[in-house]
Amino acid sequence: MELEQLRCFVAVAEELHFGRAAQRIGLLPASLGRHVRLLEESVGSQLLSRTTRSVSLTEDGVALLEEIRPLLARLDELGQKFRARQHRRSRILRIGAIDSAAAGLLPILIHDFRAIAPDVKTRLIEGKSIRLVPKVLAGGLDLAFIRPRPGMSRHLAVEDLFSETTVVAVPASHKLADHKSVSVFDLANAPLIVPDRRSRPHSYDLTMNLFAAAGLHPDITQVADEKQTIVSMVAAGLGLAIVPRWTSSLASAGVRFLPVQEAGQTVPKLPLAVAWMKAIRDPERDALLDLLRRNLERYSLPA
């Protein structure tokens, strides 16, 4: 007896109709009938009584149905269990993150997530928002921590998390290094290092808007994308830079990080959001998002 023959027999025995049974298991009625006949030949007994108007079980058919029903149910249960185990072993939650989130948020979030989902592996992919968003849309990432912007794809769910304050990185030998804070007017004639706007529009615009609001024009002398590179350039005396506060945690001998104040208020902040595909159901991703929402204050980057 073959498993497929047994499943076909059970479908007919329960439906007592070849057409409905065939539809239920996705076979043509002729193919279903052939499987049942082969089963009858294998057991050497007629299992179904067929007429042009009805189908009924014979005595042997009733006996066989009672024997194989629990066996098939157990096989299905085992199959589901092993598939679930394989899913747990192979499940990798792919997380994209900009440098701020990768350095300041994800380490503690992933640590806590492992405590509630020890079978789920996580893979962290760092990048800029303009590169992470297309990967989410293409299915290459399950979610991404990004700088949000207007006009993002309607296929994305985007949830604002919090905003990061900014500081100014100055060489330790600079005349401003001993100040507790600086204003934009203190930076009016200072050479500045900024990121390229095409790759980091939020960081670039924050610097430009801060100066524009004060009626000033920044003296940009260097463009560099990576925060570690910018901090190293500051340490080398090539200029000053306005950066997210988390950057102060980088190895930065020879650099001081000072709060930027304007009219007694902290300057505008850099927003952080998480994005994922609306149409895709993902229990592991949703569990991580739920953990993040419930403990947002714990995961917030330094203010």
# chains A, B, ... in the order shown; residues from 1 in each chain; ligands from 1

$ residues_around --residues "A:Thr58" --least-positions-apart "2" --cutoff "10 Å" --atoms "only C-alpha atoms" --output "list in words"
Ser45, Gln46, Leu47, Leu48, Ser49, Arg50, Val55, Ser56, Asp60, Gly61, Val62, Ala63 and Leu64 of chain A

$ write_last_selection --atoms "all heavy atoms" --output "PDB file, in the first residue's frame"
ATOM      1  N   SER A  45      -9.154  -6.864  -1.638  1.00  0.00           N
ATOM      2  CA  SER A  45     -10.554  -6.796  -1.205  1.00  0.00           C
ATOM      3  C   SER A  45     -11.180  -5.530  -1.774  1.00  0.00           C
ATOM      4  O   SER A  45     -10.522  -4.501  -1.967  1.00  0.00           O
ATOM      5  CB  SER A  45     -10.640  -6.767   0.319  1.00  0.00           C
ATOM      6  OG  SER A  45     -11.980  -6.631   0.746  1.00  0.00           O
ATOM      7  N   GLN A  46     -12.504  -5.599  -2.030  1.00  0.00           N
ATOM      8  CA  GLN A  46     -13.232  -4.417  -2.471  1.00  0.00           C
ATOM      9  C   GLN A  46     -13.517  -3.540  -1.252  1.00  0.00           C
ATOM     10  O   GLN A  46     -14.059  -3.997  -0.248  1.00  0.00           O
ATOM     11  CB  GLN A  46     -14.546  -4.807  -3.141  1.00  0.00           C
ATOM     12  CG  GLN A  46     -15.300  -3.614  -3.713  1.00  0.00           C
ATOM     13  CD  GLN A  46     -16.587  -4.013  -4.417  1.00  0.00           C
ATOM     14  OE1 GLN A  46     -16.878  -5.208  -4.570  1.00  0.00           O
ATOM     15  NE2 GLN A  46     -17.365  -3.024  -4.833  1.00  0.00           N
ATOM     16  N   LEU A  47     -13.137  -2.276  -1.366  1.00  0.00           N
ATOM     17  CA  LEU A  47     -13.275  -1.345  -0.248  1.00  0.00           C
ATOM     18  C   LEU A  47     -14.473  -0.408  -0.409  1.00  0.00           C
ATOM     19  O   LEU A  47     -15.010   0.088   0.584  1.00  0.00           O
ATOM     20  CB  LEU A  47     -11.992  -0.507  -0.103  1.00  0.00           C
ATOM     21  CG  LEU A  47     -10.699  -1.307   0.088  1.00  0.00           C
ATOM     22  CD1 LEU A  47      -9.498  -0.376   0.055  1.00  0.00           C
ATOM     23  CD2 LEU A  47     -10.745  -2.093   1.404  1.00  0.00           C
ATOM     24  N   LEU A  48     -14.841  -0.160  -1.671  1.00  0.00           N
ATOM     25  CA  LEU A  48     -15.937   0.754  -1.956  1.00  0.00           C
ATOM     26  C   LEU A  48     -16.959   0.072  -2.849  1.00  0.00           C
ATOM     27  O   LEU A  48     -16.603  -0.662  -3.771  1.00  0.00           O
ATOM     28  CB  LEU A  48     -15.417   2.017  -2.660  1.00  0.00           C
ATOM     29  CG  LEU A  48     -14.452   2.913  -1.876  1.00  0.00           C
ATOM     30  CD1 LEU A  48     -13.818   3.934  -2.806  1.00  0.00           C
ATOM     31  CD2 LEU A  48     -15.172   3.604  -0.732  1.00  0.00           C
ATOM     32  N   SER A  49     -18.217   0.309  -2.545  1.00  0.00           N
ATOM     33  CA  SER A  49     -19.294  -0.176  -3.400  1.00  0.00           C
ATOM     34  C   SER A  49     -19.757   0.995  -4.252  1.00  0.00           C
ATOM     35  O   SER A  49     -20.196   2.019  -3.727  1.00  0.00           O
ATOM     36  CB  SER A  49     -20.450  -0.710  -2.544  1.00  0.00           C
ATOM     37  OG  SER A  49     -21.520  -1.113  -3.369  1.00  0.00           O
ATOM     38  N   ARG A  50     -19.647   0.849  -5.580  1.00  0.00           N
ATOM     39  CA  ARG A  50     -19.920   1.964  -6.482  1.00  0.00           C
ATOM     40  C   ARG A  50     -21.142   1.651  -7.327  1.00  0.00           C
ATOM     41  O   ARG A  50     -21.283   0.550  -7.852  1.00  0.00           O
ATOM     42  CB  ARG A  50     -18.735   2.226  -7.398  1.00  0.00           C
ATOM     43  CG  ARG A  50     -17.374   2.341  -6.687  1.00  0.00           C
ATOM     44  CD  ARG A  50     -16.260   2.193  -7.720  1.00  0.00           C
ATOM     45  NE  ARG A  50     -14.934   2.314  -7.186  1.00  0.00           N
ATOM     46  CZ  ARG A  50     -14.235   1.332  -6.625  1.00  0.00           C
ATOM     47  NH1 ARG A  50     -14.795   0.133  -6.476  1.00  0.00           N
ATOM     48  NH2 ARG A  50     -13.015   1.536  -6.181  1.00  0.00           N
ATOM     49  N   VAL A  55     -21.767   6.111  -3.781  1.00  0.00           N
ATOM     50  CA  VAL A  55     -20.550   5.429  -3.347  1.00  0.00           C
ATOM     51  C   VAL A  55     -20.716   5.132  -1.864  1.00  0.00           C
ATOM     52  O   VAL A  55     -21.147   5.985  -1.088  1.00  0.00           O
ATOM     53  CB  VAL A  55     -19.301   6.306  -3.555  1.00  0.00           C
ATOM     54  CG1 VAL A  55     -18.060   5.590  -3.025  1.00  0.00           C
ATOM     55  CG2 VAL A  55     -19.121   6.678  -5.017  1.00  0.00           C
ATOM     56  N   SER A  56     -20.415   3.903  -1.479  1.00  0.00           N
ATOM     57  CA  SER A  56     -20.516   3.532  -0.065  1.00  0.00           C
ATOM     58  C   SER A  56     -19.344   2.625   0.292  1.00  0.00           C
ATOM     59  O   SER A  56     -18.685   2.049  -0.570  1.00  0.00           O
ATOM     60  CB  SER A  56     -21.844   2.833   0.224  1.00  0.00           C
ATOM     61  OG  SER A  56     -21.960   1.655  -0.551  1.00  0.00           O
ATOM     62  N   ASP A  60     -15.042  -4.251   4.626  1.00  0.00           N
ATOM     63  CA  ASP A  60     -13.582  -4.138   4.680  1.00  0.00           C
ATOM     64  C   ASP A  60     -13.138  -2.677   4.563  1.00  0.00           C
ATOM     65  O   ASP A  60     -12.125  -2.266   5.154  1.00  0.00           O
ATOM     66  CB  ASP A  60     -12.942  -4.951   3.551  1.00  0.00           C
ATOM     67  CG  ASP A  60     -13.013  -6.451   3.817  1.00  0.00           C
ATOM     68  OD1 ASP A  60     -13.236  -6.828   4.986  1.00  0.00           O
ATOM     69  OD2 ASP A  60     -12.830  -7.230   2.865  1.00  0.00           O
ATOM     70  N   GLY A  61     -13.899  -1.899   3.805  1.00  0.00           N
ATOM     71  CA  GLY A  61     -13.572  -0.476   3.673  1.00  0.00           C
ATOM     72  C   GLY A  61     -13.696   0.259   4.996  1.00  0.00           C
ATOM     73  O   GLY A  61     -12.849   1.093   5.344  1.00  0.00           O
ATOM     74  N   VAL A  62     -14.775  -0.075   5.744  1.00  0.00           N
ATOM     75  CA  VAL A  62     -14.955   0.540   7.071  1.00  0.00           C
ATOM     76  C   VAL A  62     -13.811   0.156   7.989  1.00  0.00           C
ATOM     77  O   VAL A  62     -13.255   1.001   8.717  1.00  0.00           O
ATOM     78  CB  VAL A  62     -16.308   0.113   7.676  1.00  0.00           C
ATOM     79  CG1 VAL A  62     -16.402   0.577   9.138  1.00  0.00           C
ATOM     80  CG2 VAL A  62     -17.469   0.671   6.859  1.00  0.00           C
ATOM     81  N   ALA A  63     -13.417  -1.103   7.968  1.00  0.00           N
ATOM     82  CA  ALA A  63     -12.345  -1.581   8.841  1.00  0.00           C
ATOM     83  C   ALA A  63     -11.020  -0.906   8.501  1.00  0.00           C
ATOM     84  O   ALA A  63     -10.260  -0.489   9.392  1.00  0.00           O
ATOM     85  CB  ALA A  63     -12.214  -3.099   8.715  1.00  0.00           C
ATOM     86  N   LEU A  64     -10.725  -0.800   7.198  1.00  0.00           N
ATOM     87  CA  LEU A  64      -9.467  -0.172   6.796  1.00  0.00           C
ATOM     88  C   LEU A  64      -9.457   1.310   7.162  1.00  0.00           C
ATOM     89  O   LEU A  64      -8.445   1.837   7.629  1.00  0.00           O
ATOM     90  CB  LEU A  64      -9.250  -0.345   5.285  1.00  0.00           C
ATOM     91  CG  LEU A  64      -7.957   0.257   4.734  1.00  0.00           C
ATOM     92  CD1 LEU A  64      -6.731  -0.402   5.369  1.00  0.00           C
ATOM     93  CD2 LEU A  64      -7.891   0.125   3.207  1.00  0.00           C
TER      94      LEU A  64
END

$ closest_atom_pairs --of "stretch 69-120 of chain A" --to "stretch 290-298 of chain A" --cutoff "12 Å" --atoms "only C-alpha atoms" --output "JSON lines"
{"residue": "A:Gly104", "atom": "CA", "partner": "A:Arg298", "partner_atom": "CA", "distance": 11.4}
{"residue": "A:Leu105", "atom": "CA", "partner": "A:Arg298", "partner_atom": "CA", "distance": 9.4}
{"residue": "A:Leu106", "atom": "CA", "partner": "A:Leu292", "partner_atom": "CA", "distance": 10.1}
{"residue": "A:Ile108", "atom": "CA", "partner": "A:Arg298", "partner_atom": "CA", "distance": 9.1}
{"residue": "A:Leu109", "atom": "CA", "partner": "A:Leu292", "partner_atom": "CA", "distance": 7.2}
{"residue": "A:Ile110", "atom": "CA", "partner": "A:Leu292", "partner_atom": "CA", "distance": 9.9}
{"residue": "A:His111", "atom": "CA", "partner": "A:Leu291", "partner_atom": "CA", "distance": 11.3}
{"residue": "A:Asp112", "atom": "CA", "partner": "A:Leu291", "partner_atom": "CA", "distance": 8.2}
{"residue": "A:Phe113", "atom": "CA", "partner": "A:Leu291", "partner_atom": "CA", "distance": 7.3}
{"residue": "A:Arg114", "atom": "CA", "partner": "A:Leu291", "partner_atom": "CA", "distance": 11.0}
{"residue": "A:Ala115", "atom": "CA", "partner": "A:Leu291", "partner_atom": "CA", "distance": 10.9}
{"residue": "A:Ile116", "atom": "CA", "partner": "A:Leu291", "partner_atom": "CA", "distance": 9.2}
{"residue": "A:Ala117", "atom": "CA", "partner": "A:Leu291", "partner_atom": "CA", "distance": 10.9}

$ closest_atom_pairs --of "stretch 253-294 of chain A" --to "stretch 179-200 of chain A" --cutoff "7 Å" --atoms "only C-alpha atoms" --output "tab-separated table"
residue	atom	partner	partner_atom	distance
A:Leu258	CA	A:Ser181	CA	5.2
A:Pro259	CA	A:Ser181	CA	4.9
A:Val260	CA	A:Val182	CA	5.1
A:Gln261	CA	A:Ser183	CA	4.8
A:Glu262	CA	A:Ser183	CA	5.4

$ select_by_dssp --residues "stretch 61-294 of chain A" --states "strand (DSSP E or B)" --output "VMD selection string"
chain A and resid 92 to 97 121 to 126 143 to 146 156 to 164 166 to 171 182 to 183 191 to 194 219 to 223 240 to 244 255 to 262 265 to 266 270 to 277

$ residues_around --residues "A:Ile68" --least-positions-apart "4" --cutoff "12 Å" --atoms "only C-alpha atoms" --output "ChimeraX atom specification"
/A:1-3,5-11,13,61-64,72-75

$ write_last_selection --atoms "N, CA and C atoms" --output "compact mmCIF listing (two decimals), in the first residue's frame"
# COMPACT_ATOMS: atom_id res chain seq x y z
N MET A 1 0.85 -1.20 0.00
CA MET A 1 0.00 0.00 0.00
C MET A 1 0.88 1.25 0.00
N GLU A 2 0.55 2.16 -0.87
CA GLU A 2 1.28 3.40 -0.94
C GLU A 2 0.52 4.51 -0.21
N LEU A 3 1.27 5.48 0.30
CA LEU A 3 0.67 6.56 1.08
C LEU A 3 -0.35 7.34 0.25
N GLN A 5 -2.15 6.27 -2.22
CA GLN A 5 -3.36 5.46 -2.39
C GLN A 5 -4.23 5.53 -1.14
N LEU A 6 -3.60 5.50 0.03
CA LEU A 6 -4.35 5.58 1.27
C LEU A 6 -5.05 6.93 1.43
N ARG A 7 -4.35 8.00 1.08
CA ARG A 7 -4.96 9.33 1.18
C ARG A 7 -6.15 9.47 0.22
N CYS A 8 -6.02 8.90 -0.95
CA CYS A 8 -7.13 8.95 -1.91
C CYS A 8 -8.33 8.17 -1.38
N PHE A 9 -8.07 7.01 -0.82
CA PHE A 9 -9.16 6.19 -0.27
C PHE A 9 -9.87 6.93 0.86
N VAL A 10 -9.12 7.56 1.77
CA VAL A 10 -9.73 8.28 2.89
C VAL A 10 -10.59 9.43 2.37
N ALA A 11 -10.10 10.14 1.36
CA ALA A 11 -10.88 11.26 0.80
C ALA A 11 -12.21 10.78 0.24
N ALA A 13 -13.75 7.94 1.03
CA ALA A 13 -14.54 7.38 2.13
C ALA A 13 -15.24 8.47 2.93
N GLY A 61 -13.90 -1.90 3.80
CA GLY A 61 -13.57 -0.48 3.67
C GLY A 61 -13.70 0.26 5.00
N VAL A 62 -14.78 -0.07 5.74
CA VAL A 62 -14.96 0.54 7.07
C VAL A 62 -13.81 0.16 7.99
N ALA A 63 -13.42 -1.10 7.97
CA ALA A 63 -12.35 -1.58 8.84
C ALA A 63 -11.02 -0.91 8.50
N LEU A 64 -10.72 -0.80 7.20
CA LEU A 64 -9.47 -0.17 6.80
C LEU A 64 -9.46 1.31 7.16
N LEU A 72 -2.61 8.15 9.41
CA LEU A 72 -2.39 9.30 8.54
C LEU A 72 -2.34 10.60 9.33
N ALA A 73 -3.19 10.70 10.34
CA ALA A 73 -3.19 11.90 11.18
C ALA A 73 -1.85 12.05 11.90
N ARG A 74 -1.32 10.92 12.36
CA ARG A 74 -0.02 10.95 13.04
C ARG A 74 1.10 11.32 12.07
N LEU A 75 1.03 10.79 10.85
CA LEU A 75 2.03 11.14 9.84
C LEU A 75 1.98 12.63 9.52

$ select_by_dssp --residues "stretch 146-243 of chain A" --states "helix (DSSP H, G or I)" --output "PyMOL selection string"
chain A and resi 184-187+201-213+227-235

$ write_last_selection --atoms "C-alpha atoms" --output "mmCIF file, in the first residue's frame"
data_model
loop_
_atom_site.group_PDB
_atom_site.id
_atom_site.type_symbol
_atom_site.label_atom_id
_atom_site.label_comp_id
_atom_site.auth_asym_id
_atom_site.auth_seq_id
_atom_site.Cartn_x
_atom_site.Cartn_y
_atom_site.Cartn_z
ATOM 1 C CA VAL A 184 26.219 78.016 14.969
ATOM 2 C CA PHE A 185 27.866 81.451 15.168
ATOM 3 C CA ASP A 186 30.922 79.845 16.758
ATOM 4 C CA LEU A 187 31.163 77.732 13.606
ATOM 5 C CA PRO A 201 20.672 63.739 2.742
ATOM 6 C CA HIS A 202 19.471 64.067 6.354
ATOM 7 C CA SER A 203 22.932 64.703 7.798
ATOM 8 C CA TYR A 204 23.883 67.049 4.985
ATOM 9 C CA ASP A 205 20.635 69.038 5.179
ATOM 10 C CA LEU A 206 20.861 69.330 8.952
ATOM 11 C CA THR A 207 24.164 71.193 8.657
ATOM 12 C CA MET A 208 22.990 73.368 5.772
ATOM 13 C CA ASN A 209 19.640 74.217 7.384
ATOM 14 C CA LEU A 210 21.281 75.093 10.702
ATOM 15 C CA PHE A 211 23.476 77.680 8.995
ATOM 16 C CA ALA A 212 20.697 78.950 6.737
ATOM 17 C CA ALA A 213 18.406 79.564 9.742
ATOM 18 C CA LYS A 227 31.333 58.642 10.197
ATOM 19 C CA GLN A 228 34.616 57.017 11.222
ATOM 20 C CA THR A 229 36.331 58.705 8.272
ATOM 21 C CA ILE A 230 34.830 62.070 9.201
ATOM 22 C CA VAL A 231 35.950 61.723 12.824
ATOM 23 C CA SER A 232 39.460 60.734 11.691
ATOM 24 C CA MET A 233 39.586 63.823 9.464
ATOM 25 C CA VAL A 234 38.543 65.975 12.415
ATOM 26 C CA ALA A 235 41.315 64.399 14.517
#

$ atom_distance --atom1 "atom CA of A:Leu289" --atom2 "atom CA of A:Val158"
11.7 Å

$ residues_around --residues "A:Lys128" --least-positions-apart "4" --cutoff "8 Å" --atoms "only C-alpha atoms" --output "number ranges by chain"
A: 97-99, 132, 146, 199-200

$ atom_distance --atom1 "atom CA of A:Ser31" --atom2 "atom CA of A:Leu71"
23.2 Å

$ decode --residues "stretch 69-185 of chain A" --atoms "C-alpha atoms" --output "PDB file, in the first residue's frame"
ATOM      1  CA  ARG A  69      -7.206   7.360   9.809  1.00  0.00           C
ATOM      2  CA  PRO A  70      -5.159   7.711  13.024  1.00  0.00           C
ATOM      3  CA  LEU A  71      -1.996   6.612  11.184  1.00  0.00           C
ATOM      4  CA  LEU A  72      -2.387   9.303   8.538  1.00  0.00           C
ATOM      5  CA  ALA A  73      -3.187  11.898  11.180  1.00  0.00           C
ATOM      6  CA  ARG A  74      -0.023  10.948  13.043  1.00  0.00           C
ATOM      7  CA  LEU A  75       2.026  11.141   9.842  1.00  0.00           C
ATOM      8  CA  ASP A  76       0.645  14.608   9.131  1.00  0.00           C
ATOM      9  CA  GLU A  77       1.448  15.684  12.677  1.00  0.00           C
ATOM     10  CA  LEU A  78       5.025  14.408  12.388  1.00  0.00           C
ATOM     11  CA  GLY A  79       5.431  16.126   9.034  1.00  0.00           C
ATOM     12  CA  GLN A  80       4.309  19.456  10.461  1.00  0.00           C
ATOM     13  CA  LYS A  81       6.610  19.049  13.452  1.00  0.00           C
ATOM     14  CA  PHE A  82       9.685  18.340  11.326  1.00  0.00           C
ATOM     15  CA  ARG A  83       8.875  21.135   8.902  1.00  0.00           C
ATOM     16  CA  ALA A  84       8.579  23.516  11.852  1.00  0.00           C
ATOM     17  CA  ARG A  85      11.942  22.329  13.188  1.00  0.00           C
ATOM     18  CA  GLN A  86      13.548  22.857   9.808  1.00  0.00           C
ATOM     19  CA  HIS A  87      11.992  26.320   9.600  1.00  0.00           C
ATOM     20  CA  ARG A  88      13.391  27.214  13.007  1.00  0.00           C
ATOM     21  CA  ARG A  89      16.842  25.944  12.085  1.00  0.00           C
ATOM     22  CA  SER A  90      16.973  27.813   8.801  1.00  0.00           C
ATOM     23  CA  ARG A  91      15.123  31.031   9.763  1.00  0.00           C
ATOM     24  CA  ILE A  92      17.312  34.097   9.495  1.00  0.00           C
ATOM     25  CA  LEU A  93      15.881  37.535  10.203  1.00  0.00           C
ATOM     26  CA  ARG A  94      17.664  39.946   7.871  1.00  0.00           C
ATOM     27  CA  ILE A  95      17.967  43.392   9.426  1.00  0.00           C
ATOM     28  CA  GLY A  96      19.237  46.446   7.597  1.00  0.00           C
ATOM     29  CA  ALA A  97      20.482  49.439   9.569  1.00  0.00           C
ATOM     30  CA  ILE A  98      22.126  52.783   9.071  1.00  0.00           C
ATOM     31  CA  ASP A  99      25.298  53.318  11.083  1.00  0.00           C
ATOM     32  CA  SER A 100      23.536  55.056  13.996  1.00  0.00           C
ATOM     33  CA  ALA A 101      21.151  52.150  14.551  1.00  0.00           C
ATOM     34  CA  ALA A 102      23.801  49.505  13.898  1.00  0.00           C
ATOM     35  CA  ALA A 103      26.109  50.973  16.534  1.00  0.00           C
ATOM     36  CA  GLY A 104      23.692  52.300  19.118  1.00  0.00           C
ATOM     37  CA  LEU A 105      20.394  50.410  18.898  1.00  0.00           C
ATOM     38  CA  LEU A 106      20.782  46.969  17.327  1.00  0.00           C
ATOM     39  CA  PRO A 107      23.316  45.374  19.717  1.00  0.00           C
ATOM     40  CA  ILE A 108      21.016  45.598  22.745  1.00  0.00           C
ATOM     41  CA  LEU A 109      17.837  44.938  20.715  1.00  0.00           C
ATOM     42  CA  ILE A 110      19.257  41.765  19.150  1.00  0.00           C
ATOM     43  CA  HIS A 111      20.537  40.639  22.554  1.00  0.00           C
ATOM     44  CA  ASP A 112      17.033  40.933  24.033  1.00  0.00           C
ATOM     45  CA  PHE A 113      15.436  39.334  20.952  1.00  0.00           C
ATOM     46  CA  ARG A 114      17.592  36.225  21.328  1.00  0.00           C
ATOM     47  CA  ALA A 115      16.174  35.746  24.815  1.00  0.00           C
ATOM     48  CA  ILE A 116      12.619  35.455  23.434  1.00  0.00           C
ATOM     49  CA  ALA A 117      13.459  33.816  20.073  1.00  0.00           C
ATOM     50  CA  PRO A 118      16.599  31.699  20.584  1.00  0.00           C
ATOM     51  CA  ASP A 119      15.995  29.656  17.416  1.00  0.00           C
ATOM     52  CA  VAL A 120      15.944  32.689  15.115  1.00  0.00           C
ATOM     53  CA  LYS A 121      19.277  33.844  13.765  1.00  0.00           C
ATOM     54  CA  THR A 122      19.789  37.483  12.864  1.00  0.00           C
ATOM     55  CA  ARG A 123      21.889  38.910  10.073  1.00  0.00           C
ATOM     56  CA  LEU A 124      22.766  42.601  10.257  1.00  0.00           C
ATOM     57  CA  ILE A 125      23.416  44.452   7.006  1.00  0.00           C
ATOM     58  CA  GLU A 126      24.727  47.984   7.393  1.00  0.00           C
ATOM     59  CA  GLY A 127      24.174  50.618   4.750  1.00  0.00           C
ATOM     60  CA  LYS A 128      22.733  53.983   3.912  1.00  0.00           C
ATOM     61  CA  SER A 129      18.973  54.528   3.774  1.00  0.00           C
ATOM     62  CA  ILE A 130      19.004  55.020  -0.001  1.00  0.00           C
ATOM     63  CA  ARG A 131      20.445  51.514  -0.385  1.00  0.00           C
ATOM     64  CA  LEU A 132      18.537  49.741   2.371  1.00  0.00           C
ATOM     65  CA  VAL A 133      15.047  50.770   1.238  1.00  0.00           C
ATOM     66  CA  PRO A 134      15.347  49.135  -2.225  1.00  0.00           C
ATOM     67  CA  LYS A 135      16.550  45.931  -0.543  1.00  0.00           C
ATOM     68  CA  VAL A 136      13.442  45.838   1.646  1.00  0.00           C
ATOM     69  CA  LEU A 137      11.220  46.388  -1.405  1.00  0.00           C
ATOM     70  CA  ALA A 138      13.054  43.652  -3.334  1.00  0.00           C
ATOM     71  CA  GLY A 139      12.716  41.119  -0.485  1.00  0.00           C
ATOM     72  CA  GLY A 140      16.413  41.128   0.395  1.00  0.00           C
ATOM     73  CA  LEU A 141      15.766  42.485   3.896  1.00  0.00           C
ATOM     74  CA  ASP A 142      12.967  41.717   6.353  1.00  0.00           C
ATOM     75  CA  LEU A 143      13.117  45.186   7.898  1.00  0.00           C
ATOM     76  CA  ALA A 144      15.453  48.165   7.978  1.00  0.00           C
ATOM     77  CA  PHE A 145      16.286  50.994  10.370  1.00  0.00           C
ATOM     78  CA  ILE A 146      16.509  54.119   8.224  1.00  0.00           C
ATOM     79  CA  ARG A 147      16.247  57.877   8.009  1.00  0.00           C
ATOM     80  CA  PRO A 148      12.640  58.385   6.814  1.00  0.00           C
ATOM     81  CA  ARG A 149      11.841  60.789   4.004  1.00  0.00           C
ATOM     82  CA  PRO A 150       8.652  61.997   2.298  1.00  0.00           C
ATOM     83  CA  GLY A 151       7.273  60.097  -0.669  1.00  0.00           C
ATOM     84  CA  MET A 152       8.436  56.605   0.260  1.00  0.00           C
ATOM     85  CA  SER A 153       6.852  53.604  -1.464  1.00  0.00           C
ATOM     86  CA  ARG A 154       3.215  52.898  -0.563  1.00  0.00           C
ATOM     87  CA  HIS A 155       4.205  49.234  -0.239  1.00  0.00           C
ATOM     88  CA  LEU A 156       6.296  50.075   2.827  1.00  0.00           C
ATOM     89  CA  ALA A 157       5.149  50.375   6.407  1.00  0.00           C
ATOM     90  CA  VAL A 158       7.280  53.082   8.036  1.00  0.00           C
ATOM     91  CA  GLU A 159       7.169  53.627  11.797  1.00  0.00           C
ATOM     92  CA  ASP A 160       8.943  56.581  13.413  1.00  0.00           C
ATOM     93  CA  LEU A 161      10.956  55.598  16.492  1.00  0.00           C
ATOM     94  CA  PHE A 162      12.832  58.578  17.904  1.00  0.00           C
ATOM     95  CA  SER A 163      15.279  61.300  16.947  1.00  0.00           C
ATOM     96  CA  GLU A 164      18.985  61.644  17.665  1.00  0.00           C
ATOM     97  CA  THR A 165      20.574  64.823  18.919  1.00  0.00           C
ATOM     98  CA  THR A 166      23.669  66.140  17.196  1.00  0.00           C
ATOM     99  CA  VAL A 167      27.065  67.287  18.412  1.00  0.00           C
ATOM    100  CA  VAL A 168      29.955  69.054  16.782  1.00  0.00           C
ATOM    101  CA  ALA A 169      33.234  67.153  16.517  1.00  0.00           C
ATOM    102  CA  VAL A 170      36.253  69.423  16.999  1.00  0.00           C
ATOM    103  CA  PRO A 171      39.984  68.672  17.223  1.00  0.00           C
ATOM    104  CA  ALA A 172      41.202  68.539  20.832  1.00  0.00           C
ATOM    105  CA  SER A 173      43.625  71.343  19.989  1.00  0.00           C
ATOM    106  CA  HIS A 174      40.928  73.650  18.593  1.00  0.00           C
ATOM    107  CA  LYS A 175      40.082  76.885  20.415  1.00  0.00           C
ATOM    108  CA  LEU A 176      36.485  75.628  20.924  1.00  0.00           C
ATOM    109  CA  ALA A 177      37.539  72.317  22.469  1.00  0.00           C
ATOM    110  CA  ASP A 178      37.274  73.594  26.052  1.00  0.00           C
ATOM    111  CA  HIS A 179      33.741  74.982  25.575  1.00  0.00           C
ATOM    112  CA  LYS A 180      30.792  73.186  27.153  1.00  0.00           C
ATOM    113  CA  SER A 181      28.730  73.820  24.033  1.00  0.00           C
ATOM    114  CA  VAL A 182      28.899  75.812  20.814  1.00  0.00           C
ATOM    115  CA  SER A 183      26.453  77.811  18.707  1.00  0.00           C
ATOM    116  CA  VAL A 184      26.219  78.016  14.969  1.00  0.00           C
ATOM    117  CA  PHE A 185      27.866  81.451  15.168  1.00  0.00           C
TER     118      PHE A 185
END
